file target-v2.txt (compact mmCIF, C-alpha atoms)
# COMPACT_ATOMS: atom_id res chain seq x y z
CA MET A 202 -27.26 -4.51 39.74
CA CYS A 203 -24.12 -2.82 38.53
CA CYS A 204 -24.09 -2.59 34.76
CA LEU A 205 -20.89 -2.75 32.81
CA PHE A 206 -20.56 0.06 30.31
CA ILE A 207 -17.92 0.06 27.62
CA PHE A 208 -17.10 3.47 26.26
CA ILE A 209 -14.86 4.58 23.46
CA LEU A 210 -13.24 7.94 23.89
CA PHE A 211 -12.20 9.66 20.72
CA ILE A 212 -9.38 12.10 21.27
CA SER A 213 -8.93 14.89 18.75
CA ASN A 214 -5.75 15.35 16.71
CA VAL A 215 -2.88 15.18 19.16
CA GLY A 216 -1.90 18.62 20.35
CA SER A 217 -4.64 20.49 18.47
CA GLN A 218 -7.64 21.06 20.80
CA ALA A 219 -8.65 21.53 24.45
CA PRO A 220 -8.60 18.51 26.78
CA MET A 221 -11.65 16.31 27.08
CA LYS A 222 -13.25 14.84 30.18
CA LEU A 223 -14.86 11.45 30.52
CA SER A 224 -16.92 9.95 33.33
CA LEU A 225 -16.77 6.13 33.51
CA GLN A 226 -18.40 3.49 35.66
CA THR A 227 -16.44 1.28 38.01
CA GLY A 228 -15.47 -2.01 36.35
CA ALA A 229 -15.92 -0.56 32.85
CA SER A 230 -13.43 -0.66 29.99
CA VAL A 231 -12.50 2.20 27.72
CA THR A 232 -10.80 2.42 24.34
CA ILE A 233 -9.27 5.76 23.47
CA PRO A 234 -8.20 6.42 19.85
CA CYS A 235 -5.56 9.14 19.68
CA HIS A 236 -5.19 10.80 16.29
CA TYR A 237 -1.96 12.35 15.10
CA ASP A 238 -0.61 14.20 12.09
CA ARG A 239 0.82 12.14 9.23
CA THR A 240 4.24 13.64 9.91
CA TYR A 241 4.40 11.53 13.10
CA VAL A 242 3.70 8.16 11.51
CA GLN A 243 7.20 6.83 12.20
CA TYR A 244 7.47 8.28 15.72
CA LYS A 245 7.10 6.31 18.95
CA LYS A 246 3.74 6.64 20.72
CA TYR A 247 2.83 6.04 24.37
CA TRP A 248 0.11 6.39 27.04
CA CYS A 249 0.99 8.35 30.15
CA TYR A 250 -0.74 8.83 33.56
CA ASN A 251 -0.49 11.28 36.43
CA ILE A 252 -2.85 11.93 39.30
CA GLU A 253 -2.02 15.62 38.85
CA ALA A 254 -2.19 17.73 35.69
CA SER A 255 1.55 17.61 35.10
CA PHE A 256 2.68 16.06 31.85
CA ARG A 257 6.38 16.38 32.67
CA SER A 258 6.07 14.05 35.68
CA CYS A 259 3.58 11.56 34.22
CA THR A 260 4.27 7.83 34.26
CA ILE A 261 4.34 6.02 30.92
CA GLN A 262 2.03 3.02 31.23
CA ALA A 263 2.70 1.45 27.83
CA TYR A 264 4.32 2.18 24.47
CA SER A 265 2.79 1.48 21.08
CA ASN A 266 2.19 -2.17 20.22
CA GLU A 267 2.61 -3.52 23.73
CA THR A 268 0.50 -4.51 26.74
CA LYS A 269 1.36 -3.77 30.35
CA GLY A 270 -1.08 -4.72 33.06
CA ASN A 271 -4.57 -3.62 32.04
CA VAL A 272 -3.31 -1.16 29.40
CA THR A 273 -2.79 -1.96 25.71
CA VAL A 274 -1.50 0.51 23.11
CA ILE A 275 -1.82 -0.32 19.38
CA ASP A 276 -0.52 1.93 16.61
CA ASN A 277 -2.43 2.12 13.33
CA PRO A 278 -0.40 4.24 10.90
CA ALA A 279 -2.83 3.62 8.01
CA GLU A 280 -5.47 5.66 9.88
CA SER A 281 -3.05 8.05 11.62
CA LEU A 282 -4.13 6.98 15.09
CA PHE A 283 -3.14 4.75 17.95
CA THR A 284 -5.62 3.22 20.37
CA VAL A 285 -5.35 2.84 24.13
CA THR A 286 -7.47 0.22 25.87
CA MET A 287 -7.89 0.26 29.67
CA LYS A 288 -9.77 -2.62 31.30
CA ASP A 289 -11.51 -3.08 34.64
CA LEU A 290 -11.28 0.56 35.68
CA GLN A 291 -11.35 1.33 39.40
CA THR A 292 -11.70 4.55 41.40
CA GLU A 293 -7.92 4.72 41.84
CA ASN A 294 -7.64 5.06 38.05
CA THR A 295 -9.17 8.52 38.25
CA GLY A 296 -6.70 11.13 37.05
CA TRP A 297 -5.02 12.74 34.04
CA TYR A 298 -3.88 10.82 30.98
CA TRP A 299 -1.93 11.80 27.89
CA CYS A 300 -1.61 10.50 24.36
CA GLY A 301 2.08 11.13 23.74
CA ILE A 302 4.48 11.10 20.78
CA GLU A 303 8.22 11.10 21.37
CA LYS A 304 10.24 13.62 19.38
CA ARG A 305 13.16 16.00 19.82
CA GLY A 306 12.43 18.72 22.29
CA LEU A 307 9.03 18.66 23.94
CA ASP A 308 6.91 15.61 23.12
CA VAL A 309 3.62 16.12 21.32
CA ASN A 310 0.77 15.35 23.71
CA GLU A 311 -2.99 15.62 24.24
CA ASN A 312 -4.59 15.07 27.62
CA VAL A 313 -7.90 13.77 28.89
CA TYR A 314 -9.27 13.63 32.41
CA ILE A 315 -11.02 10.41 33.44
CA THR A 316 -13.26 10.06 36.47
CA VAL A 317 -14.18 6.55 37.61
CA LYS A 318 -17.20 6.13 39.91
CA SER A 319 -20.19 3.87 40.41
CA ASP A 320 -22.68 6.31 38.84
CA PRO A 321 -21.23 8.16 35.82
CA ASP A 322 -22.48 11.67 35.02
CA LEU A 323 -22.69 11.16 31.25
CA SER A 324 -23.07 7.97 29.22
CA VAL A 325 -24.76 6.57 26.12
CA MET A 326 -27.07 3.63 25.58
CA GLU A 327 -24.93 2.47 22.65
CA SER A 328 -21.44 3.68 21.78
CA ARG A 329 -21.70 2.25 18.25
CA VAL A 330 -24.71 2.63 15.95
CA SER A 331 -25.36 1.95 12.28
CA GLY A 332 -28.06 2.75 9.73
CA GLU A 333 -28.80 2.28 6.04
CA GLU A 334 -27.88 4.96 3.58
CA GLY A 335 -30.89 7.20 3.16
CA GLY A 336 -32.22 5.99 6.52
CA ARG A 337 -31.72 7.24 10.06
CA VAL A 338 -30.02 6.46 13.37
CA THR A 339 -30.88 7.55 16.91
CA VAL A 340 -28.41 7.94 19.79
CA GLN A 341 -29.60 8.17 23.39
CA CYS A 342 -27.33 10.16 25.73
CA LEU A 343 -27.89 9.88 29.50
CA TYR A 344 -26.90 12.52 32.05
CA SER A 345 -27.11 12.89 35.84
CA ALA A 346 -29.16 15.50 37.71
CA ALA A 347 -26.01 17.60 38.14
CA TYR A 348 -25.91 18.16 34.38
CA GLN A 349 -29.63 18.69 33.77
CA ASN A 350 -29.28 22.42 33.13
CA THR A 351 -26.07 22.28 31.12
CA GLN A 352 -25.80 22.73 27.37
CA LYS A 353 -26.36 19.55 25.36
CA GLN A 354 -24.63 19.08 22.01
CA TRP A 355 -23.93 16.56 19.29
CA CYS A 356 -20.59 17.22 17.59
CA ARG A 357 -18.71 15.72 14.70
CA PHE A 358 -15.06 15.05 15.35
CA LYS A 359 -13.41 15.65 12.00
CA ASP A 360 -14.74 19.18 11.43
CA GLY A 361 -15.89 20.16 14.96
CA HIS A 362 -19.38 21.00 13.72
CA CYS A 363 -21.91 20.85 16.58
CA THR A 364 -25.71 20.80 16.82
CA ASN A 365 -27.23 22.24 20.00
CA MET A 366 -30.23 20.95 21.92
CA ASN A 367 -33.72 21.70 20.52
CA ARG A 368 -32.26 22.63 17.17
CA THR A 369 -32.19 20.93 13.80
CA THR A 370 -29.27 21.43 11.46
CA THR A 371 -28.99 20.25 7.89
CA SER A 372 -25.64 19.74 6.25
CA GLN A 373 -24.80 18.60 2.75
CA ASN A 374 -25.09 15.09 4.07
CA SER A 375 -27.77 14.39 6.72
CA ALA A 376 -30.23 16.28 8.89
CA VAL A 377 -29.45 16.24 12.64
CA GLN A 378 -31.93 16.94 15.41
CA VAL A 379 -31.12 17.11 19.14
CA SER A 380 -33.92 17.06 21.74
CA ASP A 381 -33.90 16.82 25.54
CA ASP A 382 -36.72 15.08 27.40
CA GLY A 383 -35.81 16.87 30.65
CA ARG A 384 -35.78 13.56 32.55
CA GLY A 385 -32.09 12.67 32.37
CA SER A 386 -31.59 11.94 28.67
CA PHE A 387 -31.37 13.69 25.33
CA SER A 388 -31.62 12.05 21.94
CA VAL A 389 -29.83 12.68 18.67
CA GLN A 390 -31.47 11.70 15.39
CA MET A 391 -29.54 11.65 12.11
CA SER A 392 -31.76 11.19 9.03
CA GLY A 393 -31.00 10.93 5.32
CA LEU A 394 -27.73 9.15 6.06
CA ASN A 395 -24.97 9.27 3.50
CA LYS A 396 -21.84 7.15 3.23
CA SER A 397 -19.72 10.16 4.19
CA ASP A 398 -21.62 10.44 7.51
CA ALA A 399 -19.71 7.44 8.86
CA GLY A 400 -17.23 8.41 11.55
CA TRP A 401 -16.81 9.61 15.11
CA TYR A 402 -19.13 11.96 17.03
CA TRP A 403 -19.70 12.78 20.68
CA CYS A 404 -22.55 13.58 23.01
CA SER A 405 -21.67 16.58 25.13
CA ALA A 406 -23.23 17.81 28.34
CA GLY A 407 -21.44 20.72 29.97
CA ASP A 408 -17.72 19.84 30.14
CA LEU A 409 -18.23 16.07 29.68
CA GLN A 410 -18.12 14.18 26.39
CA VAL A 411 -19.01 10.64 25.36
CA PRO A 412 -17.85 9.44 21.93
CA VAL A 413 -20.12 7.53 19.56
CA HIS A 414 -19.15 5.80 16.32
CA VAL A 415 -21.67 5.96 13.46
CA ALA A 416 -21.55 3.46 10.59
CA THR A 417 -23.58 3.63 7.37
CA VAL A 418 -24.84 0.47 5.72
CA PRO A 419 -25.58 0.34 1.94
CA PRO A 420 -28.53 -1.71 0.61
CA ASN A 421 -26.39 -4.83 0.14
CA GLY A 422 -25.71 -4.88 3.88
CA THR A 423 -21.97 -4.11 3.72
CA LYS A 424 -20.87 -1.61 6.33
CA ASN A 425 -19.01 1.53 5.33
CA THR A 426 -16.83 2.44 8.30
CA ASP A 427 -13.36 3.74 8.88
CA GLU A 428 -12.44 0.44 10.53
CA PRO A 429 -11.12 -2.67 8.79
CA THR A 430 -13.72 -5.37 8.13
CA ASP A 431 -13.41 -9.11 7.94
CA ASN A 432 -13.82 -10.29 4.31
CA SER A 433 -12.70 -13.85 4.83
CA SER A 434 -16.19 -15.34 4.21
CA HIS A 435 -16.65 -13.35 1.03
CA GLY A 436 -13.17 -14.28 -0.17
CA LEU A 437 -13.80 -17.94 0.55
CA MET A 438 -17.07 -17.87 -1.38
CA THR A 439 -15.38 -16.16 -4.34
CA LEU A 440 -12.57 -18.74 -4.31
CA TRP A 441 -15.12 -21.58 -4.22
CA LEU A 442 -17.04 -20.15 -7.18
CA LEU A 443 -13.84 -19.71 -9.20
CA LEU A 444 -12.86 -23.31 -8.41
CA MET A 445 -16.23 -24.64 -9.55
CA VAL A 446 -16.07 -22.65 -12.80
CA GLY A 447 -12.54 -23.89 -13.44
CA LEU A 448 -13.53 -27.53 -12.89
CA GLY A 449 -16.52 -27.11 -15.19
CA MET A 450 -14.37 -25.68 -17.99
CA LEU A 451 -11.82 -28.48 -17.52
CA LEU A 452 -14.56 -31.11 -17.82
CA ILE A 453 -15.85 -29.53 -21.04
CA LEU A 454 -12.32 -29.42 -22.49
CA VAL A 455 -11.70 -33.09 -21.67
CA SER A 456 -15.00 -34.06 -23.31
CA ILE A 457 -14.12 -32.15 -26.49
CA VAL A 458 -10.65 -33.76 -26.71
CA ALA A 459 -12.12 -37.25 -26.17
CA TYR A 460 -14.68 -36.66 -28.92
CA MET A 461 -12.01 -35.46 -31.38
CA LEU A 462 -9.77 -38.46 -30.65
CA ARG A 463 -12.64 -40.89 -31.17
CA LYS A 464 -13.57 -39.23 -34.45
CA THR A 465 -9.95 -39.38 -35.66
CA CYS A 466 -9.66 -43.09 -34.78
CA LYS A 467 -12.81 -43.93 -36.74
CA LYS A 468 -11.51 -42.05 -39.78
CA GLU A 469 -8.17 -43.92 -39.65
CA ASN A 470 -9.96 -47.32 -39.40
CA LYS A 471 -12.04 -46.52 -42.49
CA THR A 472 -8.95 -45.48 -44.43
CA ARG A 473 -7.08 -48.69 -43.45
CA THR A 474 -10.03 -50.89 -44.55
CA ARG A 475 -10.23 -49.09 -47.91
CA VAL A 476 -6.49 -49.62 -48.58
CA GLU A 477 -6.69 -53.35 -47.74
CA SER A 478 -9.66 -53.73 -50.08
CA ASN A 479 -7.80 -52.01 -52.89
CA ASP A 480 -4.79 -54.32 -52.41
CA ALA A 481 -7.01 -57.41 -52.67
CA ASN A 482 -8.71 -56.19 -55.82
CA ALA A 483 -5.37 -55.53 -57.48
CA HIS A 484 -4.60 -59.30 -57.54
CA MET A 485 -7.95 -60.36 -59.01
CA PRO A 486 -8.50 -60.95 -62.80
CA PRO A 487 -10.47 -58.25 -64.60
CA SER A 488 -13.26 -60.68 -65.43
CA ALA A 489 -13.60 -61.53 -61.76
CA LEU A 490 -13.79 -57.89 -60.84
CA GLU A 491 -16.48 -57.29 -63.44
CA HIS A 492 -18.60 -60.19 -62.18
CA GLU A 493 -17.63 -60.10 -58.54
CA GLY A 494 -19.95 -62.28 -56.55
CA ASP A 495 -21.08 -64.31 -59.70
CA VAL A 496 -17.77 -66.01 -60.57
CA THR A 497 -17.56 -69.83 -60.60
CA TYR A 498 -14.01 -71.05 -60.17
CA THR A 499 -12.70 -74.15 -62.09
CA SER A 500 -9.57 -76.22 -62.04
CA VAL A 501 -8.33 -77.00 -65.57
CA PHE A 502 -5.52 -79.46 -66.30
CA ASN A 503 -4.26 -81.71 -69.20
CA ALA A 504 -5.21 -85.34 -68.84
CA THR A 505 -3.78 -88.47 -70.42
CA THR A 506 -5.68 -90.96 -72.56
CA ASN A 507 -6.16 -93.27 -69.57
CA GLN A 508 -7.87 -90.60 -67.61
CA THR A 509 -10.34 -89.74 -70.42
CA SER A 510 -10.95 -93.00 -72.22
CA SER A 511 -14.62 -92.20 -72.60
CA GLN A 512 -14.00 -89.15 -74.76
CA LYS A 513 -13.06 -89.33 -78.43
CA VAL A 514 -10.60 -86.58 -79.04
CA LYS A 515 -6.94 -86.32 -79.87
CA ASN A 516 -4.47 -86.77 -77.00
CA ASP A 517 -2.66 -83.53 -77.65
CA GLU A 518 -5.83 -81.53 -78.09
CA VAL A 519 -7.70 -82.57 -74.94
CA THR A 520 -8.33 -80.01 -72.16
CA TYR A 521 -10.38 -80.95 -69.09
CA GLY A 522 -12.15 -78.71 -66.58
CA ASN A 523 -14.14 -79.16 -63.43
CA VAL A 524 -16.95 -76.65 -62.77
CA HIS A 525 -17.95 -76.20 -59.14
CA SER A 526 -21.61 -75.45 -58.43
CA PRO A 527 -22.00 -72.15 -60.22
CA ARG A 528 -24.46 -69.54 -59.08
CA ILE A 529 -26.69 -68.76 -62.07
CA ARG A 530 -27.08 -65.05 -62.82
CA ASP A 531 -30.23 -63.68 -64.25
CA ASP A 532 -28.76 -64.05 -67.78
CA GLY A 533 -28.17 -67.84 -67.22
CA LEU A 534 -24.40 -67.64 -67.91
CA THR A 535 -21.66 -69.41 -66.00
CA TYR A 536 -18.21 -67.94 -66.08
CA SER A 537 -14.93 -69.90 -65.84
CA THR A 538 -11.26 -69.23 -66.29
CA VAL A 539 -9.29 -71.64 -68.46
CA VAL A 540 -5.54 -71.68 -68.55
CA HIS A 541 -3.69 -73.53 -71.40
CA GLU A 542 -0.40 -75.14 -70.60
call {"tool": "encode", "arguments": {"input": "target-v2.txt", "output": "structure tokens"}}
result
Amino acid sequence: MCCLFIFILFISNVGSQAPMKLSLQTGASVTIPCHYDRTYVQYKKYWCYNIEASFRSCTIQAYSNETKGNVTVIDNPAESLFTVTMKDLQTENTGWYWCGIEKRGLDVNENVYITVKSDPDLSVMESRVSGEEGGRVTVQCLYSAAYQNTQKQWCRFKDGHCTNMNRTTTSQNSAVQVSDDGRGSFSVQMSGLNKSDAGWYWCSAGDLQVPVHVATVPPNGTKNTDEPTDNSSHGLMTLWLLLMVGLGMLLILVSIVAYMLRKTCKKENKTRTRVESNDANAHMPPSALEHEGDVTYTSVFNATTNQTSSQKVKNDEVTYGNVHSPRIRDDGLTYSTVVHE
């Protein structure tokens, strides 16, 4: 069964190093990042093809930020690179390609030769690998019998540092070991990974290269790569937490305000009751205030002789009073108020 391999070819800084060669399988797709100097950020980029090694007569397949046929070119100024994606490669796609930058005079360019066939001469099991900081990653590079006796290397793109087969090199970051099993594959092991180890590398066998991207993962599981990551889930969770905290604080504030209003209302009611009581006491006789609750009220009026025939007193000296069911205090006294007219 024909397997579909997806390779990513990492081209060096445009116009700075020798051309690279890539062997791809029929039906595969390839993404080629082309780096350029920061001075060319605002310049127009393109991807060019020619069956012969002649840049001047190459055919531009697509410009930056456009898709034509099975070719897509995307510029990424933030990383000083533009990527070229070619899909569903066929044998007729074999030939020379150029990462190009338009400018006055001769355009800046870097070329790569791509061979498309059913059985590629150099490939990798995985073109992207990741490992925890302090841990290790292993890359398996596969080669055909034609490349069995060629030199095998593992190289880092940004500084061009390479580790040869059957050797172990230790840099300020990680230790790298390359070993060949002699049966069509060689492995690369990077141990003691550091965050700065993230980036682009390539397996090399003879004149062929296959790029590999290495990502380092810190203990919390967040990848450190030179590619943008999707933080939408994290942002949504943060927004949700902030919303919940805000609602909680609002609820506490409303409760405090309600409590203060209730307390103020109770205080006002007590004050109003005290004022009304003081107004009522102001209209009461002193004697009533002194014996409040023990006062017996009477109605006193002057009567004529006909009304009091049973009493033997002078008409102008008679004063009558009616006492209504007094409540006897402990001292046995009954109080009354008498008014003379």
call {"tool": "residues_around", "arguments": {"input": "target-v2.txt", "residues": "Gln390 (chain A)", "least_positions_apart": "6", "cutoff": "8 Å", "atoms": "only C-alpha atoms", "output": "PyMOL selection string"}}
result
chain A and resi 337-340+377-379
call {"tool": "residues_near_point", "arguments": {"input": "target-v2.txt", "point": "(-21.6, 4.7, 23.8)", "cutoff": "7 Å", "atoms": "all atoms listed in the file", "output": "PyMOL selection string"}}
result
chain A and resi 208-209+324-329+411-413
call {"tool": "write_last_selection", "arguments": {"input": "target-v2.txt", "atoms": "C-alpha atoms", "output": "PDB file, keeping the file's coordinate frame"}}
result
ATOM      1  CA  PHE A 208     -17.100   3.470  26.260  1.00  0.00           C
ATOM      2  CA  ILE A 209     -14.860   4.580  23.460  1.00  0.00           C
ATOM      3  CA  SER A 324     -23.070   7.970  29.220  1.00  0.00           C
ATOM      4  CA  VAL A 325     -24.760   6.570  26.120  1.00  0.00           C
ATOM      5  CA  MET A 326     -27.070   3.630  25.580  1.00  0.00           C
ATOM      6  CA  GLU A 327     -24.930   2.470  22.650  1.00  0.00           C
ATOM      7  CA  SER A 328     -21.440   3.680  21.780  1.00  0.00           C
ATOM      8  CA  ARG A 329     -21.700   2.250  18.250  1.00  0.00           C
ATOM      9  CA  VAL A 411     -19.010  10.640  25.360  1.00  0.00           C
ATOM     10  CA  PRO A 412     -17.850   9.440  21.930  1.00  0.00           C
ATOM     11  CA  VAL A 413     -20.120   7.530  19.560  1.00  0.00           C
TER      12      VAL A 413
END
call {"tool": "closest_residue", "arguments": {"input": "target-v2.txt", "among": "A:Lys359, A:Arg384, A:Lys222, A:Arg239", "to": "Ser397 (chain A)", "atoms": "only C-alpha atoms"}}
result
A:Lys359
call {"tool": "atom_distance", "arguments": {"input": "target-v2.txt", "atom1": "CA of Cys249 (chain A)", "atom2": "CA of Ser319 (chain A)"}}
result
24.0 Å
call {"tool": "atom_distance", "arguments": {"input": "target-v2.txt", "atom1": "CA of Cys259 (chain A)", "atom2": "CA of Leu290 (chain A)"}}
result
18.5 Å
call {"tool": "atom_distance", "arguments": {"input": "target-v2.txt", "atom1": "CA of Met366 (chain A)", "atom2": "CA of Ser392 (chain A)"}}
result
16.2 Å
call {"tool": "closest_residue", "arguments": {"input": "target-v2.txt", "among": "A:Ile302, A:Val418, A:Val272, A:Ile261", "to": "Gly332 (chain A)", "atoms": "all atoms listed in the file"}}
result
A:Val418
call {"tool": "residues_around", "arguments": {"input": "target-v2.txt", "residues": "Asp308 (chain A)", "least_positions_apart": "6", "cutoff": "12 Å", "atoms": "only C-alpha atoms", "output": "list in words"}}
result
Val215, Gly216, Tyr241, Tyr244, Lys245, Lys246, Tyr247, Cys249, Phe256, Arg257, Trp299, Cys300, Gly301 and Ile302 of chain A
call {"tool": "residues_around", "arguments": {"input": "target-v2.txt", "residues": "Met287 (chain A)", "least_positions_apart": "6", "cutoff": "6 Å", "atoms": "all atoms listed in the file", "output": "VMD selection string"}}
result
chain A and resid 230 to 231 271 to 272
call {"tool": "closest_residue", "arguments": {"input": "target-v2.txt", "among": "A:Val415, A:Ala254, A:Ala347, A:Val309", "to": "His236 (chain A)", "atoms": "all atoms listed in the file"}}
result
A:Val309
call {"tool": "closest_residue", "arguments": {"input": "target-v2.txt", "among": "A:Val274, A:Leu452, A:Leu307, A:Ala279", "to": "Gln243 (chain A)", "atoms": "only C-alpha atoms"}}
result
A:Ala279
call {"tool": "residues_around", "arguments": {"input": "target-v2.txt", "residues": "Asp276 (chain A)", "least_positions_apart": "6", "cutoff": "7 Å", "atoms": "all atoms listed in the file", "output": "JSON, numbers by chain"}}
result
{"A": [265, 266, 282, 283, 284]}
call {"tool": "residues_around", "arguments": {"input": "target-v2.txt", "residues": "Glu293 (chain A)", "least_positions_apart": "4", "cutoff": "10 Å", "atoms": "only C-alpha atoms", "output": "mmCIF file with C-alpha atoms, in the coordinates of the input"}}
result
data_model
loop_
_atom_site.group_PDB
_atom_site.id
_atom_site.type_symbol
_atom_site.label_atom_id
_atom_site.label_comp_id
_atom_site.auth_asym_id
_atom_site.auth_seq_id
_atom_site.Cartn_x
_atom_site.Cartn_y
_atom_site.Cartn_z
ATOM 1 C CA THR A 227 -16.440 1.280 38.010
ATOM 2 C CA ILE A 252 -2.850 11.930 39.300
ATOM 3 C CA THR A 316 -13.260 10.060 36.470
ATOM 4 C CA VAL A 317 -14.180 6.550 37.610
ATOM 5 C CA LYS A 318 -17.200 6.130 39.910
#
call {"tool": "closest_residue", "arguments": {"input": "target-v2.txt", "among": "A:Glu267, A:Gln291, A:Cys363, A:Asp382", "to": "Ser224 (chain A)", "atoms": "only C-alpha atoms"}}
result
A:Gln291
